[in-house]
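Structure file query_10.txt (compact mmCIF, C-alpha atoms) follows.
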# COMPACT_ATOMS: atom_id res chain seq x y z
CA GLN A 1030 0.00 0.00 0.00
CA VAL A 1031 1.19 3.46 -0.93
CA GLN A 1032 -0.38 6.70 0.22
CA VAL A 1033 0.15 10.08 -1.40
CA VAL A 1034 -1.02 13.15 0.48
CA GLU A 1035 -0.91 16.75 -0.72
CA SER A 1036 -1.05 19.85 1.44
CA GLY A 1037 -0.56 23.60 1.19
CA GLY A 1038 -3.39 24.71 -1.04
CA GLY A 1039 -5.60 27.67 -0.25
CA LEU A 1040 -6.87 31.07 -1.30
CA VAL A 1041 -4.39 33.74 -2.33
CA GLN A 1042 -4.55 37.06 -4.14
CA ALA A 1043 -3.06 37.47 -7.59
CA GLY A 1044 0.67 38.07 -7.34
CA GLY A 1045 0.93 36.04 -4.17
CA SER A 1046 2.72 32.78 -3.42
CA LEU A 1047 1.89 29.30 -2.16
CA ARG A 1048 3.98 26.23 -1.49
CA LEU A 1049 2.47 22.81 -2.07
CA SER A 1050 3.85 19.66 -0.47
CA CYS A 1051 3.25 16.03 -1.31
CA ALA A 1052 4.40 13.16 0.85
CA ALA A 1053 4.41 9.52 -0.20
CA SER A 1054 4.42 6.73 2.36
CA GLY A 1055 3.99 2.97 2.57
CA SER A 1056 5.69 0.21 0.60
CA ILE A 1057 8.26 2.34 -1.20
CA LEU A 1058 11.66 1.11 -2.32
CA SER A 1059 12.52 4.28 -4.17
CA ILE A 1060 10.75 6.89 -6.26
CA ALA A 1061 11.40 7.55 -9.92
CA THR A 1062 9.51 10.61 -11.15
CA MET A 1063 7.40 12.93 -9.01
CA GLY A 1064 5.07 15.45 -10.55
CA TRP A 1065 2.34 18.00 -10.10
CA TYR A 1066 -0.75 18.18 -12.30
CA ARG A 1067 -3.76 20.45 -12.14
CA GLN A 1068 -7.34 20.40 -13.28
CA ALA A 1069 -9.50 23.49 -13.59
CA PRO A 1070 -13.30 23.26 -13.81
CA GLY A 1071 -14.38 22.08 -17.23
CA LYS A 1072 -10.83 21.38 -18.35
CA GLN A 1073 -8.64 18.32 -18.67
CA ARG A 1074 -5.95 17.52 -16.16
CA GLU A 1075 -2.62 18.94 -17.29
CA LEU A 1076 1.01 18.56 -16.30
CA VAL A 1077 2.39 21.47 -14.30
CA ALA A 1078 5.86 20.20 -13.52
CA HIS A 1079 7.77 17.00 -12.88
CA ILE A 1080 11.16 16.04 -11.54
CA THR A 1081 13.14 12.86 -12.11
CA SER A 1082 15.20 10.93 -9.62
CA GLY A 1083 18.26 12.58 -11.14
CA GLY A 1084 16.85 16.03 -10.54
CA SER A 1085 15.90 16.90 -14.10
CA THR A 1086 12.82 19.11 -14.26
CA ASN A 1087 10.18 19.93 -16.82
CA TYR A 1088 7.55 22.68 -16.64
CA ALA A 1089 4.44 23.66 -18.52
CA ASP A 1090 5.07 26.81 -20.55
CA SER A 1091 2.38 28.64 -18.59
CA VAL A 1092 4.29 28.30 -15.29
CA LYS A 1093 7.91 28.59 -16.39
CA GLY A 1094 9.75 31.24 -14.40
CA ARG A 1095 7.03 31.34 -11.73
CA PHE A 1096 6.87 27.80 -10.31
CA THR A 1097 9.71 25.66 -8.97
CA ILE A 1098 9.53 21.94 -8.29
CA SER A 1099 11.90 20.22 -5.87
CA ARG A 1100 12.11 16.93 -4.01
CA ASP A 1101 13.49 15.52 -0.77
CA ASP A 1102 14.13 11.82 -1.28
CA ALA A 1103 14.88 11.26 2.41
CA LYS A 1104 11.29 12.29 3.12
CA ASN A 1105 9.72 10.92 -0.08
CA THR A 1106 8.34 14.40 -0.57
CA VAL A 1107 7.95 16.72 -3.53
CA TYR A 1108 7.30 20.45 -3.33
CA LEU A 1109 5.90 23.05 -5.69
CA GLN A 1110 6.78 26.65 -4.95
CA MET A 1111 4.32 28.87 -6.78
CA ASN A 1112 5.11 32.58 -7.12
CA SER A 1113 3.42 35.41 -9.01
CA LEU A 1114 0.18 33.49 -9.01
CA LYS A 1115 -2.50 34.38 -11.52
CA PRO A 1116 -6.26 33.75 -11.49
CA GLU A 1117 -5.77 31.24 -14.30
CA ASP A 1118 -3.67 29.12 -11.93
CA THR A 1119 -6.87 28.34 -10.03
CA ALA A 1120 -7.37 24.57 -10.07
CA VAL A 1121 -7.18 21.41 -8.04
CA TYR A 1122 -3.54 20.39 -7.90
CA TYR A 1123 -2.70 16.70 -7.86
CA CYS A 1124 0.55 14.98 -6.97
CA ASN A 1125 1.75 11.97 -8.93
CA VAL A 1126 4.45 9.58 -7.78
CA GLN A 1127 6.03 6.89 -9.94
CA LEU A 1128 7.79 4.13 -8.02
CA ASN A 1129 10.84 2.03 -8.75
CA PRO A 1130 11.11 -0.69 -9.97
CA SER A 1131 7.48 -1.18 -11.00
CA TYR A 1132 6.99 2.31 -12.51
CA ARG A 1133 3.49 2.14 -11.09
CA ASN A 1134 1.84 5.54 -10.61
CA TYR A 1135 0.05 6.77 -7.50
CA TRP A 1136 -2.09 9.90 -7.17
CA GLY A 1137 -2.99 12.08 -4.26
CA GLN A 1138 -6.49 13.28 -3.52
CA GLY A 1139 -5.79 16.81 -4.71
CA THR A 1140 -5.54 20.21 -3.04
CA GLN A 1141 -7.49 23.29 -4.11
CA VAL A 1142 -5.63 26.43 -5.15
CA THR A 1143 -7.73 29.53 -5.71
CA VAL A 1144 -6.23 32.78 -6.92
CA SER A 1145 -8.43 35.85 -6.67
CA SER A 1146 -8.06 38.85 -8.95

Go through the file and emit its structure as structure tokens.
Amino acid sequence: QVQVVESGGGLVQAGGSLRLSCAASGSILSIATMGWYRQAPGKQRELVAHITSGGSTNYADSVKGRFTISRDDAKNTVYLQMNSLKPEDTAVYYCNVQLNPSYRNYWGQGTQVTVSS
């Protein structure tokens, strides 16, 4: 059993910052890729950012320069620092964890981020 739990969402004014955290626990040998996705009302879930076990990162064009993803492998935790937030960043943010050696994916329950104008 693997559990993935996000935290850190909330309501913030445009231009503000939030930091999301996601902790994985349970039967984990090691973690390959960790990522953040988001889904706004009426839209499909989209990749925000992901980070590999080697530390390589990838970001959606819409968040480049504003968001930073990082991970702490000792804590099986991934973070998303979100700066200069915009109303269009409003969405439910989901954490995804891909485990070694199975490459099986696990999702968190999501955390709401609301950015007011």

(request) Can you work out the spacing between atom CA of Thr1140 of chain A and atom CA of Arg1100 of chain A in Å, to one decimal? (result) 18.0 Å

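With distances restricted to all atoms listed in the file, A:Arg1067 is the closest residue to Gly1139 of chain A from A:Gly1044, A:Ala1053, A:Arg1067, A:Asp1102.
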
(message) I'd like the neighbourhood of Ser1036 of chain A as a PyMOL selection string, where a residue qualifies if any of its atoms comes within 9 Å (using only C-alpha atoms), though same-chain residues fewer than 5 positions away should be ignored.
(response) chain A and resi 1048-1052+1139-1140

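Proximity of A:Ser1145, A:Gly1137, A:Glu1117, A:Tyr1132 to Lys1072 of chain A, computed with only C-alpha atoms, is greatest for A:Glu1117.
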
Around (-5.9, 33.0, -11.1) in the file's frame, which residues reach within 9 Å when counting only C-alpha atoms? Return as a short mmCIF file (atom, residue, chain, number, x, y, z; two decimals) with C-alpha atoms, in the coordinates of the input?
data_model
loop_
_atom_site.label_atom_id
_atom_site.label_comp_id
_atom_site.auth_asym_id
_atom_site.auth_seq_id
_atom_site.Cartn_x
_atom_site.Cartn_y
_atom_site.Cartn_z
CA VAL A 1041 -4.39 33.74 -2.33
CA GLN A 1042 -4.55 37.06 -4.14
CA ALA A 1043 -3.06 37.47 -7.59
CA LEU A 1114 0.18 33.49 -9.01
CA LYS A 1115 -2.50 34.38 -11.52
CA PRO A 1116 -6.26 33.75 -11.49
CA GLU A 1117 -5.77 31.24 -14.30
CA ASP A 1118 -3.67 29.12 -11.93
CA THR A 1119 -6.87 28.34 -10.03
CA ALA A 1120 -7.37 24.57 -10.07
CA VAL A 1142 -5.63 26.43 -5.15
CA THR A 1143 -7.73 29.53 -5.71
CA VAL A 1144 -6.23 32.78 -6.92
CA SER A 1145 -8.43 35.85 -6.67
CA SER A 1146 -8.06 38.85 -8.95
#

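Picture a line from atom CA of Asn1129 of chain A to atom CA of Gln1030 of chain A; it runs 14.1 Å.
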
(request) Figure out the distance between atom CA of Thr1097 of chain A and atom CA of Arg1133 of chain A, please, to one decimal in Å. (result) 24.4 Å

(request) Using all atoms listed in the file, collect all residues at a distance of at most 7 Å from (1.1, 7.5, 4.4) as written in the file, then present them as number ranges by chain. (result) A: 1031-1033, 1053-1055

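Take the candidates A:Trp1136, A:Trp1065, A:Tyr1108, A:Tyr1122 and check each one against Ala1078 of chain A using all atoms listed in the file; the shortest distance goes to A:Trp1065.
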
(message) My list of candidates is A:Gln1141, A:Ser1113, A:Thr1106, A:Asn1125. Which is closest to His1079 of chain A when distances are computed with only C-alpha atoms?
(response) A:Asn1125

Gly1083 of chain A: which residues within 9 Å, counting all atoms listed in the file, same-chain residues fewer than 2 positions away excluded, as a PDB file with C-alpha atoms, in the coordinates of the input?
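Here's the written file selection_28.pdb:
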ATOM      1  CA  ALA A1061      11.400   7.550  -9.920  1.00  0.00           C
ATOM      2  CA  THR A1062       9.510  10.610 -11.150  1.00  0.00           C
ATOM      3  CA  ILE A1080      11.160  16.040 -11.540  1.00  0.00           C
ATOM      4  CA  THR A1081      13.140  12.860 -12.110  1.00  0.00           C
ATOM      5  CA  SER A1085      15.900  16.900 -14.100  1.00  0.00           C
TER       6      SER A1085
END

(request) Return the single residue from A:Leu1128, A:Leu1047, A:Ala1103, A:Val1092 that is closest to Tyr1066 of chain A, with distances computed using only C-alpha atoms. (result) A:Val1092

(message) Ranking A:Gly1084, A:Leu1058, A:Tyr1123, A:Ile1098 by minimum distance to Gly1038 of chain A and counting all atoms listed in the file, which one comes first?
(response)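 Of A:Gly1084, A:Leu1058, A:Tyr1123, A:Ile1098, the one nearest Gly1038 of chain A is A:Tyr1123, counting all atoms listed in the file.
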
(request) Please provide as a ChimeraX atom specification all residues within 7 Å of Ala1089 of chain A, with the sequence filter that same-chain residues fewer than 4 positions apart are discarded (counting all atoms listed in the file). (result) /A:1076-1078,1093
